[in-house]
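Report on one structure; see the data block that follows.
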Amino acid sequence: MIPAPLHLAGERLLLDPQGVLAWPARRLLAVADLHLEKGSHFARRGCLVPPYDTRETVMRLISALRRHSPRRLVLLGDSFHDAEGSTRLPPSELALLRRALDGLEVVWVLGNHDPVPPEGLPGEAQESWAEGPFLFRHQADPALPRTGPVEISGHFHPKATMPTRAGGVTRPCFVADPRRVILPSFGAYTGGLDLRDPALAGLFRRGGRAFLLGRDRLFSMPVTSHGAAERVAPPEKRLISAP
């Protein structure tokens with residue numbers, strides 16, 4: 001996989017096609033919106049779906065951890081689909097997740113779906129996490145000042161549509177500008193919010209860039225102040241890194 005470098009606040013970040021953000025200098029990996037045990041949440045309400053979302057998501061997380069070998073893992077909220085999600089983990093998935101987190105400094109940023117720390121798992125829970133020039137939180141602050149820490153968040157599950165000769169291709173994406181980065185949702189059973197939705201477009205009134213997730217690389221395109229993608233270069237020229 002080919003990550004895209006993103007230079008912010010004098011630091012070099014890596015946006016990974018798996019949907020995670022790495023900060024190599026601090027050996028930090030950030031992941032947003034796992035929504036573990038979403039399947040069991042719906043099953044309790046009579047909506048039966050295949051109960052494999054947690055295992056698939058944790059296996060993808062293990063793959064990302066192996067690729068980047070972080071010392072600290074920052075989970076940007078909604079790691080579980082509800083406040084009781086960690087108590088519903090099947091024993092096999094619980095053991096798998098514990099092994100994945102073993103030896104890591106784990107920060108559970110609390111989200112709107114999981115406002116309390118998970119039970120039986122290592123790490124510390126925080127409303128937000130500040131490190132160096134970055135502030136890690138669950139949901140972007142619409143009143144983010146023009147100076148101060150750069151914000152890294154999740155919550156919105158952003159997706160964008162890239163125009164191609166064969167029609168539009170819609171994929172989960174990172175969205176970034178000089179003051180903030182929003183990560184795509186990492187969970188197996190999560191949808192996405194289009195960049196043109198006012199909730200997202202309003203956060204990028206000066207425009208920005210979207211980085212759509214591909215199989216092994218990212219596809220970058222500019223985003224207008226209204227959140228809609230501008231026309232981009234032919235396919236062979238679209239594969240670019242962040243400035």
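Letters A, B, ... mark the chains of the structure tokens in the order given; residue numbers begin at 1 per chain; ligand numbers begin at 1, in order shown.
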request  = Name the residues of segment 15-242 of chain A that fall into strand (DSSP E or B) according to DSSP on the backbone, using the chain letters and numbers of this document, as a ChimeraX atom specification.
outcome  = /A:15,21-23,28-31,36,72-75,80,105-109,124-126,128-131,134-137,150-153,158-162,169-177,180-182,193-194,208-213,217-223,229
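Using only C-alpha atoms, the contacts of segment 121-138 of chain A at a cut-off of 6 Å, with sequence neighbours closer than 6 positions omitted, comprise Leu76, Gly77, Val106, Val107, Trp108, Val109, Leu110, Gly111, Pro149, Val150, Glu151, Ile152, Ser153, Gly154 and His155 of chain A.
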8 Å contact set for Met162 of chain A, only C-alpha atoms, chain neighbours under 5 positions out, as number ranges by chain: A: 168-170, 221, 229
Would you write out those residues with all heavy atoms, as a short mmCIF file (atom, residue, chain, number, x, y, z; two decimals), in the first residue's frame?
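Output (selection39.cif):
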data_model
loop_
_atom_site.label_atom_id
_atom_site.label_comp_id
_atom_site.auth_asym_id
_atom_site.auth_seq_id
_atom_site.Cartn_x
_atom_site.Cartn_y
_atom_site.Cartn_z
N GLY A 168 -19.11 8.46 -11.93
CA GLY A 168 -18.59 8.77 -10.60
C GLY A 168 -18.28 7.52 -9.79
O GLY A 168 -19.00 6.53 -9.85
N VAL A 169 -17.17 7.60 -9.04
CA VAL A 169 -16.78 6.53 -8.13
C VAL A 169 -16.82 7.09 -6.72
O VAL A 169 -16.13 8.08 -6.42
CB VAL A 169 -15.37 6.00 -8.46
CG1 VAL A 169 -14.93 4.97 -7.43
CG2 VAL A 169 -15.33 5.40 -9.86
N THR A 170 -17.62 6.48 -5.86
CA THR A 170 -17.79 6.96 -4.49
C THR A 170 -17.03 6.07 -3.53
O THR A 170 -17.18 4.84 -3.56
CB THR A 170 -19.28 6.99 -4.11
OG1 THR A 170 -19.98 7.83 -5.02
CG2 THR A 170 -19.47 7.51 -2.69
N MET A 221 -8.18 14.72 -4.58
CA MET A 221 -8.83 15.72 -5.43
C MET A 221 -9.20 16.93 -4.58
O MET A 221 -9.40 16.82 -3.36
CB MET A 221 -10.08 15.14 -6.09
CG MET A 221 -11.20 14.80 -5.13
SD MET A 221 -12.62 14.08 -5.99
CE MET A 221 -13.80 13.96 -4.65
N ALA A 229 -16.75 18.04 -5.27
CA ALA A 229 -15.47 17.82 -5.93
C ALA A 229 -15.40 18.64 -7.20
O ALA A 229 -16.35 18.76 -7.96
CB ALA A 229 -15.31 16.34 -6.27
#
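Take atom CA of Asp197 of chain A and atom CA of Leu29 of chain A: the distance between them is 27.7 Å.
Minimum atom-to-atom distance to Asp141 of chain A, evaluated using only C-alpha atoms, belongs to A:Leu203 out of A:Leu183, A:Leu203, A:Ala188, A:Leu195.
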Near segment 84-91 of chain A, within 12 Å and counting only C-alpha atoms, which residues show up once chain neighbours fewer than 2 positions away are dropped, as a short mmCIF file (atom, residue, chain, number, x, y, z; two decimals) with all heavy atoms, in the first residue's frame?
data_model
loop_
_atom_site.label_atom_id
_atom_site.label_comp_id
_atom_site.auth_asym_id
_atom_site.auth_seq_id
_atom_site.Cartn_x
_atom_site.Cartn_y
_atom_site.Cartn_z
N LEU A 34 -14.69 2.76 14.84
CA LEU A 34 -14.72 1.31 14.63
C LEU A 34 -16.15 0.76 14.74
O LEU A 34 -16.49 -0.22 14.09
CB LEU A 34 -13.83 0.60 15.65
CG LEU A 34 -12.33 0.51 15.33
CD1 LEU A 34 -11.65 1.88 15.33
CD2 LEU A 34 -11.64 -0.41 16.33
N HIS A 35 -16.96 1.35 15.60
CA HIS A 35 -18.34 0.91 15.83
C HIS A 35 -18.41 -0.60 16.08
O HIS A 35 -19.26 -1.31 15.51
CB HIS A 35 -19.24 1.30 14.66
CG HIS A 35 -19.59 2.76 14.65
ND1 HIS A 35 -20.71 3.26 15.29
CD2 HIS A 35 -18.95 3.83 14.12
CE1 HIS A 35 -20.76 4.56 15.13
NE2 HIS A 35 -19.69 4.95 14.43
N LEU A 36 -17.52 -1.09 16.94
CA LEU A 36 -17.54 -2.51 17.28
C LEU A 36 -18.88 -2.90 17.91
O LEU A 36 -19.50 -2.14 18.64
CB LEU A 36 -16.39 -2.83 18.24
CG LEU A 36 -14.98 -2.54 17.71
CD1 LEU A 36 -13.95 -2.78 18.80
CD2 LEU A 36 -14.66 -3.36 16.47
N GLU A 37 -19.29 -4.11 17.63
CA GLU A 37 -20.55 -4.68 18.13
C GLU A 37 -21.79 -3.92 17.64
O GLU A 37 -22.85 -3.94 18.28
CB GLU A 37 -20.55 -4.78 19.65
CG GLU A 37 -19.59 -5.83 20.18
CD GLU A 37 -19.86 -7.22 19.58
OE1 GLU A 37 -21.00 -7.71 19.73
OE2 GLU A 37 -18.94 -7.79 18.96
N LYS A 38 -21.68 -3.33 16.46
CA LYS A 38 -22.87 -2.72 15.86
C LYS A 38 -23.88 -3.80 15.47
O LYS A 38 -25.09 -3.63 15.62
CB LYS A 38 -22.47 -1.90 14.63
CG LYS A 38 -23.64 -1.18 13.99
CD LYS A 38 -23.18 -0.26 12.86
CE LYS A 38 -24.37 0.51 12.28
NZ LYS A 38 -23.94 1.45 11.22
N GLY A 39 -23.36 -4.93 14.97
CA GLY A 39 -24.26 -6.02 14.60
C GLY A 39 -25.08 -6.52 15.77
O GLY A 39 -26.30 -6.73 15.65
N SER A 40 -24.44 -6.74 16.91
CA SER A 40 -25.17 -7.23 18.08
C SER A 40 -26.12 -6.16 18.62
O SER A 40 -27.18 -6.48 19.19
CB SER A 40 -24.20 -7.67 19.17
OG SER A 40 -23.43 -6.59 19.67
N HIS A 41 -25.77 -4.90 18.44
CA HIS A 41 -26.67 -3.81 18.86
C HIS A 41 -27.99 -3.90 18.10
O HIS A 41 -29.07 -3.81 18.70
CB HIS A 41 -25.98 -2.47 18.57
CG HIS A 41 -26.87 -1.27 18.76
ND1 HIS A 41 -26.98 -0.62 19.97
CD2 HIS A 41 -27.68 -0.59 17.89
CE1 HIS A 41 -27.83 0.40 19.85
NE2 HIS A 41 -28.25 0.43 18.60
N PHE A 42 -27.91 -4.11 16.80
CA PHE A 42 -29.13 -4.20 16.01
C PHE A 42 -29.87 -5.52 16.25
O PHE A 42 -31.10 -5.58 16.21
CB PHE A 42 -28.82 -4.02 14.53
CG PHE A 42 -28.62 -2.59 14.14
CD1 PHE A 42 -27.36 -2.10 13.85
CD2 PHE A 42 -29.70 -1.72 14.07
CE1 PHE A 42 -27.17 -0.77 13.51
CE2 PHE A 42 -29.52 -0.38 13.73
CZ PHE A 42 -28.26 0.10 13.44
N ALA A 43 -29.10 -6.58 16.50
CA ALA A 43 -29.73 -7.88 16.76
C ALA A 43 -30.62 -7.82 18.00
O ALA A 43 -31.69 -8.45 18.04
CB ALA A 43 -28.66 -8.95 16.92
N ARG A 44 -30.19 -7.07 19.01
CA ARG A 44 -30.98 -6.94 20.23
C ARG A 44 -32.30 -6.24 19.98
O ARG A 44 -33.24 -6.33 20.77
CB ARG A 44 -30.19 -6.17 21.29
CG ARG A 44 -28.96 -6.91 21.79
CD ARG A 44 -28.11 -6.01 22.67
NE ARG A 44 -28.72 -5.72 23.94
CZ ARG A 44 -28.25 -4.81 24.80
NH1 ARG A 44 -27.15 -4.15 24.51
NH2 ARG A 44 -28.85 -4.61 25.94
N PRO A 51 -23.23 -11.59 12.22
CA PRO A 51 -22.54 -11.13 13.44
C PRO A 51 -21.01 -11.15 13.33
O PRO A 51 -20.33 -11.59 14.25
CB PRO A 51 -23.02 -12.12 14.49
CG PRO A 51 -23.16 -13.39 13.72
CD PRO A 51 -23.65 -13.00 12.35
N TYR A 52 -20.50 -10.68 12.21
CA TYR A 52 -19.06 -10.80 11.98
C TYR A 52 -18.36 -9.45 11.87
O TYR A 52 -17.19 -9.38 11.52
CB TYR A 52 -18.81 -11.61 10.70
CG TYR A 52 -19.54 -12.92 10.66
CD1 TYR A 52 -20.45 -13.19 9.64
CD2 TYR A 52 -19.34 -13.88 11.65
CE1 TYR A 52 -21.15 -14.39 9.61
CE2 TYR A 52 -20.03 -15.08 11.62
CZ TYR A 52 -20.93 -15.34 10.60
OH TYR A 52 -21.62 -16.53 10.58
N ASP A 53 -19.08 -8.36 12.16
CA ASP A 53 -18.49 -7.03 11.96
C ASP A 53 -17.30 -6.77 12.87
O ASP A 53 -16.28 -6.22 12.46
CB ASP A 53 -19.54 -5.94 12.13
CG ASP A 53 -20.24 -5.99 13.49
OD1 ASP A 53 -20.73 -7.09 13.85
OD2 ASP A 53 -20.30 -4.96 14.18
N THR A 54 -17.42 -7.19 14.15
CA THR A 54 -16.33 -6.92 15.09
C THR A 54 -15.06 -7.66 14.68
O THR A 54 -13.97 -7.08 14.64
CB THR A 54 -16.74 -7.32 16.52
OG1 THR A 54 -17.76 -6.42 16.97
CG2 THR A 54 -15.55 -7.23 17.47
N ARG A 55 -15.17 -8.93 14.34
CA ARG A 55 -13.98 -9.70 13.94
C ARG A 55 -13.34 -9.09 12.70
O ARG A 55 -12.12 -8.94 12.64
CB ARG A 55 -14.33 -11.16 13.71
CG ARG A 55 -13.16 -12.00 13.19
CD ARG A 55 -13.42 -13.47 13.33
NE ARG A 55 -13.33 -13.89 14.73
CZ ARG A 55 -12.21 -14.30 15.31
NH1 ARG A 55 -11.06 -14.33 14.62
NH2 ARG A 55 -12.21 -14.68 16.57
N VAL A 58 -11.60 -5.79 13.71
CA VAL A 58 -10.39 -6.01 14.52
C VAL A 58 -9.28 -6.61 13.66
O VAL A 58 -8.10 -6.24 13.82
CB VAL A 58 -10.71 -6.91 15.73
CG1 VAL A 58 -9.42 -7.26 16.47
CG2 VAL A 58 -11.67 -6.19 16.68
N ASP A 78 -16.42 6.59 19.16
CA ASP A 78 -17.34 5.62 18.56
C ASP A 78 -16.59 4.33 18.23
O ASP A 78 -16.84 3.69 17.20
CB ASP A 78 -18.03 6.19 17.31
CG ASP A 78 -19.07 7.24 17.66
OD1 ASP A 78 -19.24 7.54 18.86
OD2 ASP A 78 -19.71 7.78 16.73
N SER A 79 -15.71 3.94 19.13
CA SER A 79 -15.00 2.67 18.97
C SER A 79 -15.97 1.51 19.15
O SER A 79 -15.82 0.46 18.52
CB SER A 79 -13.85 2.58 19.98
OG SER A 79 -12.94 3.65 19.78
N PHE A 80 -16.96 1.70 20.01
CA PHE A 80 -18.08 0.76 20.16
C PHE A 80 -19.36 1.47 19.74
O PHE A 80 -19.47 2.69 19.86
CB PHE A 80 -18.18 0.25 21.60
CG PHE A 80 -17.09 -0.73 21.95
CD1 PHE A 80 -15.87 -0.28 22.43
CD2 PHE A 80 -17.27 -2.09 21.77
CE1 PHE A 80 -14.85 -1.17 22.74
CE2 PHE A 80 -16.26 -2.99 22.07
CZ PHE A 80 -15.05 -2.53 22.55
N HIS A 81 -20.31 0.69 19.26
CA HIS A 81 -21.51 1.30 18.72
C HIS A 81 -22.44 1.84 19.80
O HIS A 81 -23.31 2.67 19.53
CB HIS A 81 -22.27 0.31 17.83
CG HIS A 81 -23.37 0.95 17.04
ND1 HIS A 81 -23.11 1.85 16.03
CD2 HIS A 81 -24.72 0.84 17.12
CE1 HIS A 81 -24.25 2.27 15.52
NE2 HIS A 81 -25.24 1.67 16.17
N ASP A 82 -22.27 1.38 21.03
CA ASP A 82 -23.06 1.91 22.13
C ASP A 82 -22.28 1.74 23.42
O ASP A 82 -21.24 1.08 23.45
CB ASP A 82 -24.44 1.22 22.22
CG ASP A 82 -24.32 -0.27 22.44
OD1 ASP A 82 -24.14 -0.69 23.59
OD2 ASP A 82 -24.39 -1.04 21.44
N GLU A 93 -13.57 -12.69 20.24
CA GLU A 93 -13.28 -11.34 19.77
C GLU A 93 -12.60 -10.50 20.86
O GLU A 93 -11.72 -9.70 20.58
CB GLU A 93 -14.55 -10.66 19.27
CG GLU A 93 -14.91 -10.97 17.84
CD GLU A 93 -15.50 -12.36 17.67
OE1 GLU A 93 -15.62 -13.09 18.68
OE2 GLU A 93 -15.86 -12.72 16.53
N LEU A 94 -13.03 -10.71 22.11
CA LEU A 94 -12.39 -10.00 23.21
C LEU A 94 -10.92 -10.39 23.31
O LEU A 94 -10.04 -9.52 23.46
CB LEU A 94 -13.11 -10.33 24.52
CG LEU A 94 -12.52 -9.72 25.79
CD1 LEU A 94 -12.47 -8.21 25.73
CD2 LEU A 94 -13.30 -10.19 27.03
N ALA A 95 -10.61 -11.68 23.21
CA ALA A 95 -9.23 -12.13 23.27
C ALA A 95 -8.43 -11.58 22.09
O ALA A 95 -7.27 -11.17 22.25
CB ALA A 95 -9.18 -13.65 23.28
N LEU A 96 -9.04 -11.56 20.92
CA LEU A 96 -8.37 -11.05 19.73
C LEU A 96 -8.04 -9.57 19.88
O LEU A 96 -6.93 -9.12 19.56
CB LEU A 96 -9.26 -11.27 18.51
CG LEU A 96 -8.68 -10.94 17.13
CD1 LEU A 96 -7.56 -11.91 16.79
CD2 LEU A 96 -9.77 -11.00 16.08
N LEU A 97 -8.99 -8.80 20.40
CA LEU A 97 -8.77 -7.37 20.58
C LEU A 97 -7.72 -7.11 21.65
O LEU A 97 -6.86 -6.23 21.49
CB LEU A 97 -10.09 -6.69 20.93
CG LEU A 97 -10.07 -5.16 21.07
CD1 LEU A 97 -9.50 -4.49 19.84
CD2 LEU A 97 -11.47 -4.64 21.39
N ARG A 98 -7.76 -7.87 22.73
CA ARG A 98 -6.75 -7.69 23.78
C ARG A 98 -5.35 -7.97 23.24
O ARG A 98 -4.39 -7.26 23.56
CB ARG A 98 -7.06 -8.60 24.96
CG ARG A 98 -8.16 -8.08 25.87
CD ARG A 98 -8.45 -9.08 26.96
NE ARG A 98 -9.36 -8.54 27.97
CZ ARG A 98 -9.97 -9.29 28.89
NH1 ARG A 98 -9.76 -10.60 28.91
NH2 ARG A 98 -10.78 -8.74 29.77
N HIS A 113 -21.41 7.78 20.55
CA HIS A 113 -21.94 6.43 20.69
C HIS A 113 -21.38 5.72 21.92
O HIS A 113 -22.04 4.84 22.47
CB HIS A 113 -21.63 5.60 19.44
CG HIS A 113 -22.58 5.82 18.32
ND1 HIS A 113 -23.69 5.04 18.09
CD2 HIS A 113 -22.58 6.77 17.35
CE1 HIS A 113 -24.33 5.48 17.01
NE2 HIS A 113 -23.68 6.54 16.55
N ASP A 114 -20.15 6.05 22.28
CA ASP A 114 -19.51 5.39 23.45
C ASP A 114 -19.00 6.44 24.42
O ASP A 114 -17.80 6.69 24.51
CB ASP A 114 -18.38 4.45 22.99
CG ASP A 114 -17.34 5.16 22.14
OD1 ASP A 114 -17.52 6.35 21.80
OD2 ASP A 114 -16.32 4.52 21.82
N PRO A 115 -19.91 7.06 25.17
CA PRO A 115 -19.51 8.15 26.07
C PRO A 115 -18.84 7.71 27.36
O PRO A 115 -18.49 8.55 28.19
CB PRO A 115 -20.85 8.84 26.36
CG PRO A 115 -21.85 7.73 26.27
CD PRO A 115 -21.36 6.82 25.19
N VAL A 116 -18.69 6.39 27.54
CA VAL A 116 -18.03 5.88 28.74
C VAL A 116 -16.88 4.97 28.31
O VAL A 116 -16.89 4.41 27.21
CB VAL A 116 -19.02 5.09 29.63
CG1 VAL A 116 -20.11 6.02 30.15
CG2 VAL A 116 -19.62 3.93 28.87
N PRO A 117 -15.85 4.80 29.16
CA PRO A 117 -14.72 3.94 28.79
C PRO A 117 -15.17 2.50 28.60
O PRO A 117 -16.10 2.03 29.27
CB PRO A 117 -13.77 4.07 29.98
CG PRO A 117 -14.17 5.33 30.67
CD PRO A 117 -15.65 5.48 30.45
N PRO A 118 -14.53 1.76 27.70
CA PRO A 118 -14.88 0.35 27.52
C PRO A 118 -14.44 -0.47 28.72
O PRO A 118 -13.43 -0.17 29.36
CB PRO A 118 -14.10 -0.04 26.26
CG PRO A 118 -12.94 0.89 26.24
CD PRO A 118 -13.45 2.18 26.79
N GLU A 119 -15.18 -1.51 29.00
CA GLU A 119 -14.85 -2.38 30.13
C GLU A 119 -13.93 -3.51 29.69
O GLU A 119 -14.07 -4.07 28.61
CB GLU A 119 -16.13 -2.98 30.73
CG GLU A 119 -17.05 -1.96 31.39
CD GLU A 119 -18.24 -2.62 32.07
OE1 GLU A 119 -18.13 -3.83 32.39
OE2 GLU A 119 -19.25 -1.95 32.28
N GLY A 120 -12.97 -3.83 30.57
CA GLY A 120 -12.14 -5.00 30.37
C GLY A 120 -11.07 -4.87 29.30
O GLY A 120 -10.53 -5.88 28.84
N LEU A 121 -10.77 -3.62 28.89
CA LEU A 121 -9.76 -3.42 27.86
C LEU A 121 -8.71 -2.41 28.35
O LEU A 121 -9.02 -1.49 29.10
CB LEU A 121 -10.41 -2.91 26.58
CG LEU A 121 -11.28 -3.93 25.84
CD1 LEU A 121 -12.14 -3.25 24.79
CD2 LEU A 121 -10.42 -5.02 25.19
N PRO A 122 -7.46 -2.57 27.92
CA PRO A 122 -6.41 -1.68 28.40
C PRO A 122 -6.52 -0.28 27.80
O PRO A 122 -7.16 -0.09 26.76
CB PRO A 122 -5.13 -2.37 27.92
CG PRO A 122 -5.55 -3.11 26.68
CD PRO A 122 -6.96 -3.58 26.97
#
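Nearest to Arg206 of chain A of all the residues A:Leu218, A:Phe186, A:Pro178, A:Gly192 is A:Pro178, based on only C-alpha atoms.
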For this session: Excluding segment 4-17 of chain A and residues on its chain fewer than 2 positions from it, collect all residues at most 6 Å away from it, counting only C-alpha atoms, and give them as a PyMOL selection string.
Result: chain A and resi 19-23+213+216-218+241-242
Mind writing the picked residues with N, CA, C and O atoms as a tab-separated table (two decimals), in the first residue's frame?
chain	number	residue	atom	x	y	z
A	19	GLY	N	-7.32	3.54	5.78
A	19	GLY	CA	-8.20	4.45	6.49
A	19	GLY	C	-7.69	4.89	7.84
A	19	GLY	O	-8.47	5.38	8.67
A	20	VAL	N	-6.39	4.74	8.08
A	20	VAL	CA	-5.79	5.16	9.34
A	20	VAL	C	-4.78	6.29	9.08
A	20	VAL	O	-4.30	6.45	7.96
A	21	LEU	N	-4.49	7.04	10.12
A	21	LEU	CA	-3.52	8.12	10.05
A	21	LEU	C	-2.33	7.77	10.93
A	21	LEU	O	-2.52	7.44	12.10
A	22	ALA	N	-1.13	7.85	10.36
A	22	ALA	CA	0.09	7.55	11.12
A	22	ALA	C	0.92	8.82	11.29
A	22	ALA	O	0.98	9.66	10.39
A	23	TRP	N	1.54	8.92	12.44
A	23	TRP	CA	2.48	10.01	12.74
A	23	TRP	C	3.80	9.32	13.07
A	23	TRP	O	4.07	9.00	14.22
A	213	LEU	N	-10.15	6.47	-0.53
A	213	LEU	CA	-9.48	5.21	-0.29
A	213	LEU	C	-9.59	4.32	-1.52
A	213	LEU	O	-10.68	4.06	-2.02
A	216	ASP	N	-5.06	0.01	-2.87
A	216	ASP	CA	-3.70	0.05	-2.32
A	216	ASP	C	-3.09	1.44	-2.37
A	216	ASP	O	-1.89	1.60	-2.15
A	217	ARG	N	-3.90	2.46	-2.65
A	217	ARG	CA	-3.41	3.83	-2.70
A	217	ARG	C	-4.57	4.79	-2.52
A	217	ARG	O	-5.74	4.39	-2.54
A	218	LEU	N	-4.23	6.07	-2.36
A	218	LEU	CA	-5.24	7.10	-2.20
A	218	LEU	C	-5.36	7.90	-3.49
A	218	LEU	O	-4.38	8.05	-4.23
A	241	SER	N	0.17	12.90	-3.98
A	241	SER	CA	0.27	13.02	-2.54
A	241	SER	C	-0.23	14.37	-2.09
A	241	SER	O	-0.37	15.30	-2.89
A	242	ALA	N	-0.48	14.48	-0.80
A	242	ALA	CA	-0.87	15.77	-0.25
A	242	ALA	C	0.29	16.73	-0.35
A	242	ALA	O	1.45	16.35	-0.33
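Candidate residues A:Leu61, A:Thr147, A:Arg171, A:Ser92 were compared for distance to Arg215 of chain A, and the nearest is A:Arg171, using only C-alpha atoms.
Using only C-alpha atoms for every distance, the candidate list A:Met1, A:Leu65, A:Ala160, A:Ala166 yields A:Ala160 as the residue closest to Leu200 of chain A.
Take atom CA of Pro70 of chain A and atom CA of Glu105 of chain A: the distance between them is 9.0 Å.
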Pairwise distance, atom CA of Leu28 of chain A with atom CA of Ile182 of chain A, equals 16.2 Å
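Each of A:Pro222, A:Arg72, A:Arg196, A:Arg205 was checked against Ala143 of chain A using only C-alpha atoms; the smallest atom-to-atom distance is that of A:Arg205.
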